[in-house]
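Asks: This is input-v9.cif, which holds mmCIF, C-alpha atoms:
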```
data_model
#
loop_
_atom_site.group_PDB
_atom_site.id
_atom_site.type_symbol
_atom_site.label_atom_id
_atom_site.label_comp_id
_atom_site.auth_asym_id
_atom_site.auth_seq_id
_atom_site.Cartn_x
_atom_site.Cartn_y
_atom_site.Cartn_z
ATOM 1 C CA MET D 1 -22.686 -2.874 20.665
ATOM 2 C CA THR D 2 -22.777 0.627 19.209
ATOM 3 C CA LEU D 3 -21.061 0.845 15.841
ATOM 4 C CA PRO D 4 -19.347 4.079 14.738
ATOM 5 C CA SER D 5 -20.937 6.444 12.252
ATOM 6 C CA GLU D 6 -17.632 7.992 11.100
ATOM 7 C CA ASP D 7 -14.477 6.569 9.525
ATOM 8 C CA THR D 8 -11.632 5.730 11.896
ATOM 9 C CA LEU D 9 -9.084 8.479 12.517
ATOM 10 C CA VAL D 10 -5.700 7.132 11.373
ATOM 11 C CA GLY D 11 -2.182 8.178 12.354
ATOM 12 C CA TYR D 12 -0.012 5.823 10.304
ATOM 13 C CA PRO D 13 0.181 8.170 7.262
ATOM 14 C CA SER D 14 2.208 10.567 9.430
ATOM 15 C CA ALA D 15 4.455 7.695 10.626
ATOM 16 C CA GLU D 16 2.717 7.429 14.003
ATOM 17 C CA THR D 17 3.522 4.169 15.832
ATOM 18 C CA GLU D 18 1.759 4.792 19.164
ATOM 19 C CA ASN D 19 -1.472 6.492 20.142
ATOM 20 C CA SER D 20 -3.913 6.677 23.024
ATOM 21 C CA THR D 21 -7.561 6.218 22.203
ATOM 22 C CA THR D 22 -10.981 4.943 23.248
ATOM 23 C CA VAL D 23 -12.438 1.539 22.398
ATOM 24 C CA LEU D 24 -15.638 2.157 20.435
ATOM 25 C CA HIS D 25 -16.848 -1.362 19.677
ATOM 26 C CA CYS D 26 -16.027 -5.005 20.425
ATOM 27 C CA GLU D 27 -17.636 -7.920 18.598
ATOM 28 C CA HIS D 28 -16.948 -11.646 18.590
ATOM 29 C CA LEU D 29 -16.734 -13.077 15.067
ATOM 30 C CA PRO D 30 -17.934 -16.504 13.927
ATOM 31 C CA ASP D 31 -14.315 -17.739 13.812
ATOM 32 C CA GLY D 32 -13.898 -16.942 17.520
ATOM 33 C CA ARG D 33 -11.740 -13.844 17.166
ATOM 34 C CA LEU D 34 -12.653 -10.504 18.713
ATOM 35 C CA ALA D 35 -13.040 -7.494 16.407
ATOM 36 C CA VAL D 36 -12.066 -4.250 18.128
ATOM 37 C CA LEU D 37 -12.755 -0.773 16.748
ATOM 38 C CA LEU D 38 -10.918 2.268 18.108
ATOM 39 C CA GLU D 39 -11.661 5.962 17.809
ATOM 40 C CA ARG D 40 -8.133 6.471 16.455
ATOM 41 C CA SER D 41 -5.523 3.978 15.295
ATOM 42 C CA CYS D 42 -1.891 4.103 14.191
ATOM 43 C CA VAL D 43 -2.107 0.485 12.985
ATOM 44 C CA HIS D 44 -2.006 0.071 9.205
ATOM 45 C CA PRO D 45 -4.761 -2.344 8.088
ATOM 46 C CA VAL D 46 -4.716 -4.510 4.980
ATOM 47 C CA ASP D 47 -7.263 -3.360 2.391
ATOM 48 C CA ALA D 48 -8.924 -6.196 0.490
ATOM 49 C CA GLY D 49 -9.477 -3.865 -2.474
ATOM 50 C CA TRP D 50 -5.727 -3.512 -3.071
ATOM 51 C CA PRO D 51 -3.834 -5.645 -0.520
ATOM 52 C CA ASP D 52 -0.312 -4.641 -1.543
ATOM 53 C CA GLN D 53 0.792 -3.632 1.970
ATOM 54 C CA GLY D 54 -0.127 -5.966 4.788
ATOM 55 C CA ALA D 55 -1.068 -5.188 8.355
ATOM 56 C CA ASP D 56 1.339 -3.754 10.903
ATOM 57 C CA ARG D 57 2.584 -5.926 13.733
ATOM 58 C CA ALA D 58 0.898 -4.368 16.741
ATOM 59 C CA ALA D 59 -0.608 -4.688 20.179
ATOM 60 C CA LEU D 60 -3.244 -2.924 22.271
ATOM 61 C CA ARG D 61 -2.355 -1.985 25.830
ATOM 62 C CA VAL D 62 -5.373 -2.016 28.110
ATOM 63 C CA ALA D 63 -5.369 -1.791 31.941
ATOM 64 C CA GLY D 64 -1.709 -2.762 32.104
ATOM 65 C CA ALA D 65 -2.035 -5.763 29.799
ATOM 66 C CA GLU D 66 -0.491 -5.951 26.322
ATOM 67 C CA LEU D 67 -2.868 -7.731 23.941
ATOM 68 C CA PRO D 68 -1.464 -8.869 20.573
ATOM 69 C CA VAL D 69 -3.251 -7.763 17.410
ATOM 70 C CA LEU D 70 -3.506 -10.964 15.357
ATOM 71 C CA ASP D 71 -4.463 -9.129 12.166
ATOM 72 C CA CYS D 72 -5.746 -5.728 11.122
ATOM 73 C CA VAL D 73 -8.151 -5.209 8.219
ATOM 74 C CA VAL D 74 -10.387 -2.573 6.681
ATOM 75 C CA GLY D 75 -14.029 -2.996 7.597
ATOM 76 C CA ALA D 76 -17.232 -1.075 7.010
ATOM 77 C CA THR D 77 -20.526 -0.624 8.816
ATOM 78 C CA ASP D 78 -23.921 0.886 8.142
ATOM 79 C CA GLY D 79 -24.500 1.185 11.890
ATOM 80 C CA THR D 80 -26.140 -2.224 12.247
ATOM 81 C CA THR D 81 -23.634 -4.771 10.888
ATOM 82 C CA LEU D 82 -19.843 -4.898 10.686
ATOM 83 C CA HIS D 83 -18.462 -6.199 7.393
ATOM 84 C CA LEU D 84 -14.814 -7.188 6.932
ATOM 85 C CA GLY D 85 -12.549 -7.169 3.883
ATOM 86 C CA ARG D 86 -14.067 -8.690 0.768
ATOM 87 C CA GLU D 87 -17.435 -8.980 2.514
ATOM 88 C CA ILE D 88 -17.890 -5.183 2.369
ATOM 89 C CA PRO D 89 -20.878 -4.675 0.017
ATOM 90 C CA VAL D 90 -20.322 -0.989 -0.853
ATOM 91 C CA GLY D 91 -17.542 1.254 -2.089
ATOM 92 C CA LYS D 92 -15.635 3.764 0.007
ATOM 93 C CA GLY D 93 -17.521 7.030 0.406
ATOM 94 C CA THR D 94 -20.985 5.463 0.250
ATOM 95 C CA GLU D 95 -23.425 7.653 2.172
ATOM 96 C CA GLY D 96 -24.487 6.199 5.486
ATOM 97 C CA TRP D 97 -21.448 3.922 5.783
ATOM 98 C CA ALA D 98 -18.350 4.254 7.975
ATOM 99 C CA PHE D 99 -15.079 2.604 6.980
ATOM 100 C CA VAL D 100 -13.089 1.446 9.960
ATOM 101 C CA VAL D 101 -9.809 -0.104 11.070
ATOM 102 C CA VAL D 102 -10.656 -3.512 12.552
ATOM 103 C CA HIS D 103 -8.147 -4.920 15.048
ATOM 104 C CA LEU D 104 -8.576 -8.700 15.222
ATOM 105 C CA MET D 105 -7.724 -10.080 18.666
ATOM 106 C CA ALA D 106 -7.845 -13.437 20.409
ATOM 107 C CA GLY D 107 -11.376 -14.309 21.458
ATOM 108 C CA ASP D 108 -10.461 -14.265 25.140
ATOM 109 C CA ALA D 109 -8.812 -10.811 25.037
ATOM 110 C CA VAL D 110 -10.009 -8.743 27.990
ATOM 111 C CA ILE D 111 -11.117 -5.502 26.394
ATOM 112 C CA ALA D 112 -14.458 -3.706 26.342
ATOM 113 C CA GLU D 113 -16.227 -0.732 24.813
ATOM 114 C CA GLY D 114 -15.312 2.483 26.596
ATOM 115 C CA ASP D 115 -11.898 1.234 27.715
ATOM 116 C CA GLN D 116 -8.925 3.514 27.285
ATOM 117 C CA ALA D 117 -6.297 1.814 25.164
ATOM 118 C CA GLU D 118 -2.925 2.415 23.582
ATOM 119 C CA ALA D 119 -2.250 1.128 20.093
ATOM 120 C CA VAL D 120 1.436 0.234 19.668
ATOM 121 C CA VAL D 121 3.123 -0.745 16.393
ATOM 122 C CA ASP D 122 6.422 -2.632 16.003
ATOM 123 C CA PRO D 123 8.603 0.258 14.725
ATOM 124 C CA GLY D 124 11.290 -1.929 13.139
ATOM 125 C CA HIS D 125 8.800 -3.880 11.053
ATOM 126 C CA ARG D 126 7.013 -0.651 10.082
ATOM 127 C CA ARG D 127 10.335 0.890 8.990
ATOM 128 C CA ARG D 128 11.249 -2.108 6.812
ATOM 129 C CA ILE D 129 7.794 -2.304 5.224
ATOM 130 C CA SER D 130 7.767 1.454 4.602
ATOM 131 C CA SER D 131 11.149 1.232 2.879
ATOM 132 C CA GLY D 132 9.829 -1.594 0.731
ATOM 133 C CA HIS D 133 6.805 0.467 -0.265
ATOM 134 C CA THR D 134 8.824 3.518 -1.309
ATOM 135 C CA GLY D 135 11.221 1.209 -3.157
ATOM 136 C CA CYS D 136 8.241 -0.255 -5.008
ATOM 137 C CA HIS D 137 7.024 3.177 -6.164
ATOM 138 C CA LEU D 138 10.524 4.232 -7.174
ATOM 139 C CA ALA D 139 11.084 1.028 -9.157
ATOM 140 C CA SER D 140 7.768 1.459 -10.972
ATOM 141 C CA LEU D 141 8.815 4.941 -12.090
ATOM 142 C CA ALA D 142 12.175 3.596 -13.257
ATOM 143 C CA LEU D 143 10.489 0.750 -15.159
ATOM 144 C CA ASN D 144 8.136 3.201 -16.872
ATOM 145 C CA ARG D 145 11.149 5.276 -17.901
ATOM 146 C CA ALA D 146 13.002 2.251 -19.314
ATOM 147 C CA LEU D 147 9.977 1.131 -21.354
ATOM 148 C CA ALA D 148 8.921 4.560 -22.615
ATOM 149 C CA ASP D 149 10.035 3.886 -26.203
ATOM 150 C CA ARG D 150 7.912 0.720 -26.480
ATOM 151 C CA TRP D 151 4.613 2.571 -26.869
ATOM 152 C CA LYS D 152 3.132 3.259 -30.302
ATOM 153 C CA LYS D 153 -0.043 4.865 -28.935
ATOM 154 C CA ASP D 154 -0.498 7.651 -26.434
ATOM 155 C CA THR D 155 -1.151 6.394 -22.930
ATOM 156 C CA ARG D 156 -1.610 8.069 -19.589
ATOM 157 C CA PRO D 157 1.613 9.501 -18.130
ATOM 158 C CA ASP D 158 3.113 8.783 -14.738
ATOM 159 C CA GLY D 159 4.374 11.414 -12.313
ATOM 160 C CA LEU D 160 7.510 11.978 -14.390
ATOM 161 C CA GLY D 161 5.689 12.227 -17.711
ATOM 162 C CA HIS D 162 6.568 8.742 -19.003
ATOM 163 C CA PRO D 163 3.890 6.319 -20.246
ATOM 164 C CA ASP D 164 2.536 4.554 -17.157
ATOM 165 C CA PHE D 165 3.370 0.927 -17.953
ATOM 166 C CA ASP D 166 3.124 0.048 -14.257
ATOM 167 C CA GLY D 167 -0.347 1.521 -13.895
ATOM 168 C CA VAL D 168 -1.645 -0.071 -17.089
ATOM 169 C CA ALA D 169 -0.072 -3.546 -16.895
ATOM 170 C CA ILE D 170 0.156 -4.295 -13.147
ATOM 171 C CA ASP D 171 -1.430 -7.582 -12.106
ATOM 172 C CA VAL D 172 -0.265 -8.113 -8.515
ATOM 173 C CA SER D 173 1.862 -5.956 -6.209
ATOM 174 C CA LEU D 174 3.148 -7.259 -2.877
ATOM 175 C CA ILE D 175 5.104 -5.092 -0.438
ATOM 176 C CA GLY D 176 7.554 -6.898 1.840
ATOM 177 C CA GLU D 177 10.243 -5.940 4.307
ATOM 178 C CA ASN D 178 12.844 -3.900 2.405
ATOM 179 C CA GLY D 179 11.427 -4.843 -0.950
ATOM 180 C CA SER D 180 8.492 -5.728 -3.159
ATOM 181 C CA THR D 181 7.413 -8.078 -5.932
ATOM 182 C CA ASP D 182 5.339 -6.792 -8.842
ATOM 183 C CA THR D 183 3.962 -8.843 -11.710
ATOM 184 C CA TYR D 184 2.737 -7.553 -15.072
ATOM 185 C CA ARG D 185 0.820 -9.300 -17.861
ATOM 186 C CA LEU D 186 2.047 -8.521 -21.375
ATOM 187 C CA GLY D 187 -1.021 -9.857 -23.139
ATOM 188 C CA LYS D 188 -3.452 -8.878 -25.867
ATOM 189 C CA SER D 189 -5.079 -6.145 -23.788
ATOM 190 C CA LEU D 190 -1.752 -4.375 -23.279
ATOM 191 C CA ARG D 191 -0.825 -4.723 -26.954
ATOM 192 C CA ARG D 192 -4.169 -3.216 -27.980
ATOM 193 C CA LYS D 193 -3.296 -0.221 -25.818
ATOM 194 C CA GLY D 194 -0.153 0.273 -27.885
ATOM 195 C CA PHE D 195 2.622 -1.521 -25.989
ATOM 196 C CA VAL D 196 5.095 -3.308 -28.266
ATOM 197 C CA THR D 197 6.038 -6.729 -26.882
ATOM 198 C CA ASP D 198 8.191 -7.872 -29.842
ATOM 199 C CA GLY D 199 11.731 -8.534 -28.650
ATOM 200 C CA PHE D 200 10.840 -7.788 -25.027
ATOM 201 C CA VAL D 201 12.172 -11.018 -23.535
ATOM 202 C CA GLY D 202 15.399 -10.849 -25.516
ATOM 203 C CA GLY D 203 16.035 -7.278 -24.351
ATOM 204 C CA LEU D 204 15.218 -7.885 -20.695
ATOM 205 C CA ALA D 205 18.805 -7.551 -19.439
ATOM 206 C CA GLU D 206 19.083 -4.091 -21.001
ATOM 207 C CA VAL D 207 15.786 -3.003 -19.450
ATOM 208 C CA GLU D 208 16.976 -4.204 -16.038
ATOM 209 C CA ALA D 209 20.211 -2.257 -16.428
ATOM 210 C CA GLN D 210 18.291 0.894 -17.350
ATOM 211 C CA VAL D 211 15.958 0.533 -14.361
ATOM 212 C CA ASN D 212 18.882 0.085 -11.990
ATOM 213 C CA ALA D 213 20.686 3.076 -13.491
ATOM 214 C CA SER D 214 17.623 5.251 -12.837
ATOM 215 C CA LEU D 215 17.350 3.943 -9.281
ATOM 216 C CA ALA D 216 21.015 4.735 -8.608
ATOM 217 C CA GLU D 217 20.554 8.234 -10.047
ATOM 218 C CA TRP D 218 17.516 8.982 -7.884
ATOM 219 C CA MET D 219 18.872 7.371 -4.735
ATOM 220 C CA ALA D 220 21.961 9.574 -4.960
ATOM 221 C CA THR D 221 19.730 12.646 -4.500
ATOM 222 C CA GLY D 222 18.480 11.517 -1.075
ATOM 223 C CA ALA D 223 15.188 13.130 -2.111
ATOM 224 C CA SER D 224 12.541 13.798 0.522
ATOM 225 C CA VAL D 225 9.373 11.701 0.713
ATOM 226 C CA ARG D 226 6.094 12.630 2.365
ATOM 227 C CA ILE D 227 2.431 11.703 2.480
ATOM 228 C CA ASP D 228 -0.030 14.436 1.528
ATOM 229 C CA ARG D 229 -3.595 13.787 2.659
ATOM 230 C CA ASP D 230 -7.003 15.367 2.311
ATOM 231 C CA GLY D 231 -7.918 14.565 5.926
ATOM 232 C CA ASP D 232 -7.272 12.311 8.921
ATOM 233 C CA ARG D 233 -9.989 9.708 8.279
ATOM 234 C CA LEU D 234 -9.359 6.231 6.881
ATOM 235 C CA THR D 235 -10.870 6.887 3.447
ATOM 236 C CA ASP D 236 -9.530 10.410 2.915
ATOM 237 C CA ARG D 237 -7.342 10.522 -0.190
ATOM 238 C CA ARG D 238 -3.600 10.246 0.400
ATOM 239 C CA TYR D 239 -0.631 10.646 -1.926
ATOM 240 C CA TRP D 240 2.993 9.536 -1.875
ATOM 241 C CA VAL D 241 5.061 12.591 -2.811
ATOM 242 C CA LEU D 242 8.688 12.407 -3.947
ATOM 243 C CA GLU D 243 10.671 15.638 -4.326
ATOM 244 C CA LEU D 244 13.264 14.811 -6.984
ATOM 245 C CA PRO D 245 15.420 17.715 -8.200
ATOM 246 C CA GLY D 246 13.259 19.576 -10.690
ATOM 247 C CA HIS D 247 10.312 17.171 -10.359
ATOM 248 C CA THR D 248 7.600 16.582 -7.773
ATOM 249 C CA VAL D 249 6.034 13.135 -8.167
ATOM 250 C CA ARG D 250 2.599 12.359 -6.687
ATOM 251 C CA ILE D 251 1.130 8.855 -6.622
ATOM 252 C CA PRO D 252 -2.164 7.955 -4.873
ATOM 253 C CA CYS D 253 -1.223 5.645 -1.995
ATOM 254 C CA GLY D 254 -2.724 4.461 1.267
ATOM 255 C CA GLY D 255 0.457 2.930 2.684
ATOM 256 C CA THR D 256 3.342 3.968 4.902
ATOM 257 C CA HIS D 257 6.704 5.409 3.845
ATOM 258 C CA PRO D 258 10.025 6.776 5.141
ATOM 259 C CA SER D 259 10.773 10.501 5.039
ATOM 260 C CA SER D 260 13.538 10.358 2.416
ATOM 261 C CA LEU D 261 15.296 8.098 -0.067
ATOM 262 C CA SER D 262 18.411 8.294 2.095
ATOM 263 C CA GLU D 263 16.651 6.026 4.616
ATOM 264 C CA LEU D 264 16.552 3.239 2.021
ATOM 265 C CA GLY D 265 20.329 3.059 1.634
ATOM 266 C CA SER D 266 20.228 1.520 -1.849
ATOM 267 C CA ALA D 267 17.732 0.156 -4.356
ATOM 268 C CA ARG D 268 17.935 -2.332 -7.205
ATOM 269 C CA VAL D 269 15.662 -4.652 -9.168
ATOM 270 C CA GLU D 270 15.818 -8.055 -10.786
ATOM 271 C CA LEU D 271 13.563 -8.712 -13.780
ATOM 272 C CA SER D 272 12.383 -12.087 -15.048
ATOM 273 C CA THR D 273 9.719 -13.378 -17.406
ATOM 274 C CA ALA D 274 7.645 -16.520 -17.631
ATOM 275 C CA ASP D 275 5.071 -17.881 -20.050
ATOM 276 C CA VAL D 276 1.726 -18.371 -18.298
ATOM 277 C CA ASP D 277 -0.929 -19.958 -20.516
ATOM 278 C CA GLY D 278 0.551 -18.299 -23.589
ATOM 279 C CA THR D 279 0.935 -14.852 -22.017
ATOM 280 C CA THR D 280 4.284 -13.343 -21.076
ATOM 281 C CA VAL D 281 4.339 -12.362 -17.404
ATOM 282 C CA LEU D 282 7.036 -9.951 -16.202
ATOM 283 C CA THR D 283 8.135 -10.098 -12.559
ATOM 284 C CA MET D 284 10.050 -7.229 -10.980
ATOM 285 C CA ALA D 285 11.651 -7.994 -7.605
ATOM 286 C CA THR D 286 12.818 -4.827 -5.836
ATOM 287 C CA PHE D 287 15.402 -4.809 -3.052
ATOM 288 C CA VAL D 288 16.298 -1.868 -0.810
ATOM 289 C CA GLY D 289 18.854 -1.427 1.959
#
```
Output the file's structure as structure tokens, nothing else.
Replies:
Amino acid sequence: MTLPSEDTLVGYPSAETENSTTVLHCEHLPDGRLAVLLERSCVHPVDAGWPDQGADRAALRVAGAELPVLDCVVGATDGTTLHLGREIPVGKGTEGWAFVVVHLMAGDAVIAEGDQAEAVVDPGHRRRISSGHTGCHLASLALNRALADRWKKDTRPDGLGHPDFDGVAIDVSLIGENGSTDTYRLGKSLRRKGFVTDGFVGGLAEVEAQVNASLAEWMATGASVRIDRDGDRLTDRRYWVLELPGHTVRIPCGGTHPSSLSELGSARVELSTADVDGTTVLTMATFVG
């Protein structure tokens, strides 16, 4: 029952979909599932701290058997107890703690510590999710650009130098296959920061047109995309990097992405608003492919 003292080595930032590794730890959970920790994993886990991109569809191959991964989550251990998701009591980088990729298997899965295993990810699902994630980042940049003239106070800039509406107002972001859904609250807090909401709903169609024009402009470049990272461990900082002509954009990101905008095919958004308890909520649905 030895628990690791170092973060899991991860291969998904470099688009890895298969890897050979050693099983470090197996533990039955109260709900009957088996938690499996590997020395290295190409399986993208969902992070409870910011669960925008879900877990990969994957399996572990052990001794000729292919064992489905039911879910994959970020966990953490101090060497004595394994904590999962929202139960993790400390922040990433806390001394004495290892953050790990936890593969959740059926309780009767035949797998043991010390086994040699192969982690295998569904490449088609990974490709569609990765396209959705890059589309999400691209749409956020285009939305920031379209709303740049609605700020009456200085605010932090995004990677293209526009006020970062997405970073300031985002409420929930969900990455799906070939798309994403992002919601933003246009409430008192945002207005205090200098965002002008007067006339926003009435001008929504124009904003949508401007966002889609920016997306078409950028997609036409076929710009390259990559993940820069400080290291190969789960909690090492990683960045989504987009090489637009004349501009390099860097956004902190722990997800997966294609290698260029040309892999997306096309990108567009649909914007809508709703009143939720007296606050205007903007929803941006992004579609790629």
Asks: Between D:Arg229, D:Val121, D:Thr279, D:Pro68, single out the one closest to Leu104 of chain D, counting all atoms listed in the file.
Replies: D:Pro68
Asks: Mind pulling up the distance from atom CA of Val90 of chain D to atom CA of Leu24 of chain D?
Replies: 22.0 Å
Asks: Within 9 Å of segment 189-195 of chain D, counting all atoms listed in the file, which residues show up once you throw out same-chain ones fewer than 3 positions away? Write them as a compact mmCIF listing (two decimals) with C-alpha atoms, keeping the file's coordinate frame, please.
Replies:
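To be explicit, this is the file written out as around_37.txt:
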```
# COMPACT_ATOMS: atom_id res chain seq x y z
CA ARG D 150 7.91 0.72 -26.48
CA TRP D 151 4.61 2.57 -26.87
CA LYS D 152 3.13 3.26 -30.30
CA LYS D 153 -0.04 4.86 -28.94
CA ASP D 154 -0.50 7.65 -26.43
CA THR D 155 -1.15 6.39 -22.93
CA PHE D 165 3.37 0.93 -17.95
CA VAL D 168 -1.64 -0.07 -17.09
CA ALA D 169 -0.07 -3.55 -16.90
CA ARG D 185 0.82 -9.30 -17.86
CA LEU D 186 2.05 -8.52 -21.38
```
Asks: Extract, using only C-alpha atoms, all DNA, RNA and protein residues at most 7 Å from Met105 of chain D, discarding same-chain residues fewer than 2 positions from it, and format them as a ChimeraX atom specification.
Replies: /D:33-35,68-70,103,107,109
Asks: Tell me, as a list of chain:residue names, which residues lie within 12 Å of Asp71 of chain D, counting only C-alpha atoms; anything in the same chain fewer than 2 positions away does not count.
Replies: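 Residues meeting the cut-off are D:Arg33, D:Leu34, D:Ala35, D:Val36, D:Val43, D:His44, D:Pro45, D:Val46, D:Asp47, D:Gly54, D:Ala55, D:Asp56, D:Arg57, D:Ala58, D:Ala59, D:Leu60, D:Leu67, D:Pro68, D:Val69, D:Val73, D:Val74, D:Leu84, D:Gly85, D:Val101, D:Val102, D:His103, D:Leu104, D:Met105, D:Ala106.
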Asks: How would you write, as a ChimeraX atom specification, the residues chosen by the PyMOL selection byres ((chain D and resi 237-239) around 12) on this structure?
Replies: /D:10,12-14,92-93,134,137,159,225-236,240-242,248-257
Asks: Between D:Leu244, D:Leu29, D:Ala119, D:Leu3, which residue has the minimum interatomic distance to Glu16 of chain D, considering all atoms listed in the file?
Replies: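 When distances to Glu16 of chain D are compared using all atoms listed in the file, the smallest one comes from D:Ala119.
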Asks: To one decimal place in Å, what is the distance between atom CA of Thr183 of chain D and atom CA of Ser266 of chain D?
Replies: 21.7 Å
Asks: Which of these residues is nearest to Ala48 of chain D, using all atoms listed in the file: D:Ala15, D:Ile111, D:Ile88, D:Val211?
Replies: D:Ile88
Asks: Within 12 Å of (12.0, -2.3, -7.1) (coordinates as in the file), grab all the protein and nucleic acid residues, counting all atoms listed in the file, and write them out as an MDAnalysis selection string.
Replies: chainID D and resid 131:144 166 173:176 178:183 208 211:212 214:216 264 266:271 283:289
Asks: Output C-alpha atoms for every residue in that selection, as a compact mmCIF listing (two decimals), in the coordinates of the input.
Replies:
```
# COMPACT_ATOMS: atom_id res chain seq x y z
CA SER D 131 11.15 1.23 2.88
CA GLY D 132 9.83 -1.59 0.73
CA HIS D 133 6.80 0.47 -0.26
CA THR D 134 8.82 3.52 -1.31
CA GLY D 135 11.22 1.21 -3.16
CA CYS D 136 8.24 -0.26 -5.01
CA HIS D 137 7.02 3.18 -6.16
CA LEU D 138 10.52 4.23 -7.17
CA ALA D 139 11.08 1.03 -9.16
CA SER D 140 7.77 1.46 -10.97
CA LEU D 141 8.82 4.94 -12.09
CA ALA D 142 12.18 3.60 -13.26
CA LEU D 143 10.49 0.75 -15.16
CA ASN D 144 8.14 3.20 -16.87
CA ASP D 166 3.12 0.05 -14.26
CA SER D 173 1.86 -5.96 -6.21
CA LEU D 174 3.15 -7.26 -2.88
CA ILE D 175 5.10 -5.09 -0.44
CA GLY D 176 7.55 -6.90 1.84
CA ASN D 178 12.84 -3.90 2.40
CA GLY D 179 11.43 -4.84 -0.95
CA SER D 180 8.49 -5.73 -3.16
CA THR D 181 7.41 -8.08 -5.93
CA ASP D 182 5.34 -6.79 -8.84
CA THR D 183 3.96 -8.84 -11.71
CA GLU D 208 16.98 -4.20 -16.04
CA VAL D 211 15.96 0.53 -14.36
CA ASN D 212 18.88 0.08 -11.99
CA SER D 214 17.62 5.25 -12.84
CA LEU D 215 17.35 3.94 -9.28
CA ALA D 216 21.02 4.74 -8.61
CA LEU D 264 16.55 3.24 2.02
CA SER D 266 20.23 1.52 -1.85
CA ALA D 267 17.73 0.16 -4.36
CA ARG D 268 17.93 -2.33 -7.20
CA VAL D 269 15.66 -4.65 -9.17
CA GLU D 270 15.82 -8.06 -10.79
CA LEU D 271 13.56 -8.71 -13.78
CA THR D 283 8.14 -10.10 -12.56
CA MET D 284 10.05 -7.23 -10.98
CA ALA D 285 11.65 -7.99 -7.60
CA THR D 286 12.82 -4.83 -5.84
CA PHE D 287 15.40 -4.81 -3.05
CA VAL D 288 16.30 -1.87 -0.81
CA GLY D 289 18.85 -1.43 1.96
```
Asks: How far is it from atom CA of Gly75 of chain D to atom CA of Arg61 of chain D, in Å with one decimal?
Replies: 21.7 Å
Asks: Nearest to Val23 of chain D among D:Thr8, D:Gln116, D:Thr77, D:Ser130, with distances taken over only C-alpha atoms: which residue is it?
Replies: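 Residue with the minimum atom-to-atom distance to Val23 of chain D: D:Gln116.
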Asks: Quick one: of D:Ser272, D:Val100, D:Ala63, D:Leu282, who's nearest to Ala205 of chain D, counting only C-alpha atoms?
Replies: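 Result for the nearest residue to Ala205 of chain D: D:Ser272.
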Asks: Select, from D:Ala98, D:Ala274, D:Ala65, D:Val120, the residue with the minimum atom-to-atom distance to Val201 of chain D, counting all atoms listed in the file.
Replies: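 Closest to Val201 of chain D of all the choices is D:Ala274.
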